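Engineer: One structure, as structure tokens, below. Some questions next.
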Amino acid sequence: MIRENWRVVLLCVLVVGSGIALFAPGVAGNDAGTAAAQPTNLQYGIQLDGGTRIRAPVTGLTASVDNVTADNQLDVQNTVASELGLEQSQVRARTNLDTVEVYADVNETPFRNALAATNLSVESVRSGVTQPTRNTIVDVLQDKLDQTGLGGTTVQQIESSQTGEHYILVEVPGQNVSNVRQLVTERGSVRQDAYFPRNGSMVNETVLTSSDLKSASIGTPYRSQTLGPVVPVTLTEPVARDFAAAMQEYGFTSGQGISNCQYRSSPNATQYCLLTVNDGEVVYSSSMGSDLARSMENGDFVKNPQFVIQADSLADARQLQIDLRAGALPSTLNLDKGTTYYISPSLAERFKPLSFLTGLIAALAVGLVVYLRYGEARVAVPMVATALCEVVVLLGFASLTQLALDLSHIAGFIAVIGTGVDDLIIIADEVMTEEVSSSRVFQSRFRKALWIIGAAAATTIIAMSPLAFLSLGDLRGFAIVTILGVLIGVLVTRPAYGDILRRLLTDNR
């Protein structure tokens, strides 16, 4: 029995699995706490949940140059940064692309003058940054959003079909404009500086760069009884060795280095201070702890390179954790040349019942037409039920992959119901043109119908593929759902309906 109807069994397994993915707490990133507030594990985009969408180009300029090599790469970066008064991390020379990028809002003329100081031949200068930089920005922004625990967030690149300019599109459901603007306009470059006296003056040296901290293991912030809010950090062994050597060289591990740092209240004070710097701003200053200093002196720190970064509050500590784990953005988004779109959550909430009602009306209308067409419940009911099972499986997939559902996806689900029933009607018409005398006759007609459905499915997938892969906004979501629905239909639901129909029409003869 199971062997003969394995397609029906497979469909039932997928429907049950989808139900678990949709409703079970702890599945698809949901837990018991959020399940009470939201009946399903589905994530919604800004059209159904409210939120902010920002589309903006990346701040910066890119020059196409000649003769950037591995030998002069660092010199070019340092010279351009020095000429423009920028940090070294804000300039990038790429040998494989023969480009020099500056990640700041600078004019073309000063940039060309800075490049002239490097003796490079400049071919052209354009606004924006290179593809690898945009890829990094998308990855870091998505990582930052994931670290915040917000669901349904998306970050992607899009290209203007009119101007060819590249944009970064950020969608954050449930968040207001100010929070998202802050996210995309701050680089999140965290470093540790040593501030100490040398030869009668105060010196500031970077001892842990943003890349050093990005390679570290960042723990969960907590409130220490003695230090207050802290972020645990475990360095890699090479970084820990250099850090300990620098602390010893600068005198932080000696008696005078373990002092009461007063930098933030009195920046001209002469104490030894470790400064936590985020985007060029000192967000916290502290002294070297005696236990940490001792471990650096006797070599234990390199064996177990753990320490904590202090913060003013747990909120600040969590922000440091996010920036440390995700790393620094190469550049920020230029909001002055972009667009910001906000939907109120109260307005978006109205779309959810309307979307459900639209889908229900579509399903009922399809069921009524099918019943009028055949006049037999044993043909129409399995047909509609199979089409709805297809939607349930798609919703389960959306839940597992944390796909943020928007109106374009809902339109795709409705299209899947229509095209799915079309295919099932082809099957029913093909096998019911004449009386079915045996299972063998049924299978012959059913295979013929499947060939027709397969050809139609291939046409649909080919037609929708450009919309699914190109950055065409809401059309992309519609195309993805339609393609997935067609694949699930051809591989699972259409064959399952064939088994059901064979059972009903042939009495398994």
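Ordered as shown in the structure tokens, chains take letters A, B, and onward, while each chain numbers its residues from 1 and ligands are numbered from 1 in the order shown.
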Need the shell around range 140-143 of chain A: protein/DNA/RNA residues with any atom at most 7 Å away, counting only C-alpha atoms. Skip same-chain ones fewer than 3 positions apart. Format as a ChimeraX atom specification?
Structural biologist: /A:136-137,146-147,154-155,326-327,329
Engineer: Applying 7 Å and only C-alpha atoms, which residues near Val80 in chain A remain after dropping the ones on its own chain fewer than 4 positions away? List them as a PyMOL selection string.
Structural biologist: chain A and resi 76+84+114-115
Engineer: Give me the residues within 9 Å of Ala428 in chain A as an mmCIF file with N, CA, C and O atoms, in the first residue's frame, counting only C-alpha atoms and dropping any in the same chain fewer than 5 places off.
Structural biologist:
data_model
loop_
_atom_site.group_PDB
_atom_site.id
_atom_site.type_symbol
_atom_site.label_atom_id
_atom_site.label_comp_id
_atom_site.auth_asym_id
_atom_site.auth_seq_id
_atom_site.Cartn_x
_atom_site.Cartn_y
_atom_site.Cartn_z
ATOM 1 N N VAL A 379 -13.665 14.326 -7.322
ATOM 2 C CA VAL A 379 -12.617 14.886 -8.183
ATOM 3 C C VAL A 379 -12.223 16.284 -7.710
ATOM 4 O O VAL A 379 -11.045 16.628 -7.630
ATOM 5 N N MET A 383 -8.648 17.840 -5.547
ATOM 6 C CA MET A 383 -7.928 18.811 -6.361
ATOM 7 C C MET A 383 -7.628 20.083 -5.566
ATOM 8 O O MET A 383 -6.495 20.563 -5.527
ATOM 9 N N ASP A 423 -2.911 22.812 -13.598
ATOM 10 C CA ASP A 423 -2.227 21.550 -13.898
ATOM 11 C C ASP A 423 -3.065 20.355 -13.468
ATOM 12 O O ASP A 423 -3.102 19.324 -14.163
ATOM 13 N N THR A 433 -11.167 11.551 -20.064
ATOM 14 C CA THR A 433 -11.760 11.725 -21.393
ATOM 15 C C THR A 433 -12.624 10.524 -21.765
ATOM 16 O O THR A 433 -13.643 10.657 -22.440
ATOM 17 N N PHE A 446 -1.985 9.366 -17.456
ATOM 18 C CA PHE A 446 -1.389 10.246 -16.450
ATOM 19 C C PHE A 446 0.007 10.691 -16.877
ATOM 20 O O PHE A 446 0.380 11.863 -16.724
ATOM 21 N N ALA A 449 -0.232 13.402 -19.376
ATOM 22 C CA ALA A 449 -0.565 14.689 -18.748
ATOM 23 C C ALA A 449 0.660 15.294 -18.069
ATOM 24 O O ALA A 449 0.878 16.514 -18.112
ATOM 25 N N GLY A 498 -2.239 12.479 -8.777
ATOM 26 C CA GLY A 498 -2.444 11.375 -9.708
ATOM 27 C C GLY A 498 -2.708 10.072 -8.985
ATOM 28 O O GLY A 498 -3.594 9.295 -9.384
ATOM 29 N N LEU A 501 -6.255 10.229 -7.548
ATOM 30 C CA LEU A 501 -7.254 10.072 -8.602
ATOM 31 C C LEU A 501 -7.308 8.629 -9.102
ATOM 32 O O LEU A 501 -8.385 8.087 -9.384
#
Engineer: Can you pull out every residue within 12 Å of Gly17 in chain A, counting only C-alpha atoms, but drop anything in the same chain fewer than 2 positions away, and send it as a PDB file with N, CA and C atoms, in the first residue's frame?
Structural biologist:
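Contents of out08.pdb, as written:
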ATOM      1  N   LEU A  10       4.646  10.990   0.809  1.00  0.00           N
ATOM      2  CA  LEU A  10       5.637  12.070   0.808  1.00  0.00           C
ATOM      3  C   LEU A  10       4.972  13.427   0.989  1.00  0.00           C
ATOM      4  N   LEU A  11       3.841  13.645   0.307  1.00  0.00           N
ATOM      5  CA  LEU A  11       3.122  14.909   0.452  1.00  0.00           C
ATOM      6  C   LEU A  11       2.644  15.095   1.891  1.00  0.00           C
ATOM      7  N   CYS A  12       2.117  14.021   2.492  1.00  0.00           N
ATOM      8  CA  CYS A  12       1.655  14.114   3.887  1.00  0.00           C
ATOM      9  C   CYS A  12       2.808  14.438   4.833  1.00  0.00           C
ATOM     10  N   VAL A  13       3.961  13.826   4.599  1.00  0.00           N
ATOM     11  CA  VAL A  13       5.135  14.100   5.442  1.00  0.00           C
ATOM     12  C   VAL A  13       5.554  15.560   5.316  1.00  0.00           C
ATOM     13  N   LEU A  14       5.557  16.073   4.081  1.00  0.00           N
ATOM     14  CA  LEU A  14       5.936  17.474   3.869  1.00  0.00           C
ATOM     15  C   LEU A  14       4.936  18.427   4.527  1.00  0.00           C
ATOM     16  N   VAL A  15       3.634  18.087   4.449  1.00  0.00           N
ATOM     17  CA  VAL A  15       2.617  18.946   5.067  1.00  0.00           C
ATOM     18  C   VAL A  15       2.776  18.951   6.586  1.00  0.00           C
ATOM     19  N   GLY A  19       3.824  22.071   8.920  1.00  0.00           N
ATOM     20  CA  GLY A  19       3.038  22.501  10.071  1.00  0.00           C
ATOM     21  C   GLY A  19       3.889  22.685  11.304  1.00  0.00           C
ATOM     22  N   ILE A  20       4.842  21.768  11.508  1.00  0.00           N
ATOM     23  CA  ILE A  20       5.770  21.911  12.645  1.00  0.00           C
ATOM     24  C   ILE A  20       6.617  23.162  12.495  1.00  0.00           C
ATOM     25  N   ALA A  21       7.125  23.388  11.278  1.00  0.00           N
ATOM     26  CA  ALA A  21       7.949  24.579  11.035  1.00  0.00           C
ATOM     27  C   ALA A  21       7.161  25.863  11.239  1.00  0.00           C
ATOM     28  N   LEU A  22       5.858  25.816  10.948  1.00  0.00           N
ATOM     29  CA  LEU A  22       5.029  27.014  11.062  1.00  0.00           C
ATOM     30  C   LEU A  22       4.608  27.321  12.493  1.00  0.00           C
ATOM     31  N   PHE A  23       4.336  26.287  13.287  1.00  0.00           N
ATOM     32  CA  PHE A  23       3.680  26.524  14.576  1.00  0.00           C
ATOM     33  C   PHE A  23       4.483  26.102  15.800  1.00  0.00           C
ATOM     34  N   ALA A  24       5.448  25.205  15.647  1.00  0.00           N
ATOM     35  CA  ALA A  24       6.145  24.693  16.831  1.00  0.00           C
ATOM     36  C   ALA A  24       7.114  25.723  17.402  1.00  0.00           C
ATOM     37  N   VAL A  27      11.341  26.354  16.687  1.00  0.00           N
ATOM     38  CA  VAL A  27      11.671  25.984  15.309  1.00  0.00           C
ATOM     39  C   VAL A  27      11.779  27.261  14.481  1.00  0.00           C
ATOM     40  N   ALA A  28      12.714  27.276  13.540  1.00  0.00           N
ATOM     41  CA  ALA A  28      12.875  28.408  12.621  1.00  0.00           C
ATOM     42  C   ALA A  28      13.143  29.709  13.356  1.00  0.00           C
ATOM     43  N   CYS A 389      -2.423  22.148  -0.015  1.00  0.00           N
ATOM     44  CA  CYS A 389      -1.239  21.511   0.589  1.00  0.00           C
ATOM     45  C   CYS A 389       0.050  22.101   0.018  1.00  0.00           C
ATOM     46  N   VAL A 392       0.722  25.238   1.849  1.00  0.00           N
ATOM     47  CA  VAL A 392       1.218  24.954   3.202  1.00  0.00           C
ATOM     48  C   VAL A 392       2.697  24.601   3.164  1.00  0.00           C
ATOM     49  N   VAL A 393       3.097  23.783   2.196  1.00  0.00           N
ATOM     50  CA  VAL A 393       4.514  23.417   2.066  1.00  0.00           C
ATOM     51  C   VAL A 393       5.359  24.645   1.775  1.00  0.00           C
ATOM     52  N   LEU A 394       4.861  25.535   0.916  1.00  0.00           N
ATOM     53  CA  LEU A 394       5.591  26.772   0.623  1.00  0.00           C
ATOM     54  C   LEU A 394       5.724  27.651   1.866  1.00  0.00           C
ATOM     55  N   LEU A 395       4.669  27.740   2.663  1.00  0.00           N
ATOM     56  CA  LEU A 395       4.731  28.518   3.899  1.00  0.00           C
ATOM     57  C   LEU A 395       5.726  27.904   4.886  1.00  0.00           C
ATOM     58  N   GLY A 396       5.759  26.571   4.941  1.00  0.00           N
ATOM     59  CA  GLY A 396       6.743  25.907   5.794  1.00  0.00           C
ATOM     60  C   GLY A 396       8.160  26.205   5.357  1.00  0.00           C
ATOM     61  N   PHE A 397       8.374  26.204   4.039  1.00  0.00           N
ATOM     62  CA  PHE A 397       9.701  26.561   3.507  1.00  0.00           C
ATOM     63  C   PHE A 397      10.058  28.002   3.875  1.00  0.00           C
ATOM     64  N   SER A 399       9.015  29.671   6.405  1.00  0.00           N
ATOM     65  CA  SER A 399       9.290  29.729   7.835  1.00  0.00           C
ATOM     66  C   SER A 399      10.687  29.217   8.158  1.00  0.00           C
ATOM     67  N   LEU A 400      11.075  28.090   7.571  1.00  0.00           N
ATOM     68  CA  LEU A 400      12.394  27.511   7.836  1.00  0.00           C
ATOM     69  C   LEU A 400      13.520  28.423   7.362  1.00  0.00           C
TER      70      LEU A 400
END
Engineer: Within 8 Å of range 159-171 of chain A, counting only C-alpha atoms, which residues show up once you throw out same-chain ones fewer than 2 positions away? Write them as a ChimeraX atom specification, please.
Structural biologist: /A:45-46,51-58,128,134,138,153-157,173,333,471
Engineer: So that I can check the surroundings of range 473-484 of chain A, please list as a list in words every protein, DNA and RNA residue that reaches within 6 Å of it, counting only C-alpha atoms and ignoring chain neighbours fewer than 5 positions away.
Structural biologist: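 The filter keeps Ser408, His409, Gly412, Val416, Ile461, Met464, Leu467 and Ala468 of chain A.
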Engineer: For range 238-246 of chain A, work out the shell of residues within 8 Å, counting only C-alpha atoms and skipping chain neighbours fewer than 6 positions away, then give it as number ranges by chain.
Structural biologist: A: 207-208, 212, 296-297, 301-302, 305
Engineer: Which distance in Å separates CA of Asn107 in chain A and CA of Lys337 in chain A, to one decimal?
Structural biologist: 15.0 Å
Engineer: Could you please write out, as a PyMOL selection string, every residue of range 180-400 of chain A that DSSP assigns to helix (DSSP H, G or I)?
Structural biologist: chain A and resi 180-185+210-214+237-249+290-298+300-303+314-326+335-337+345-374+377-400
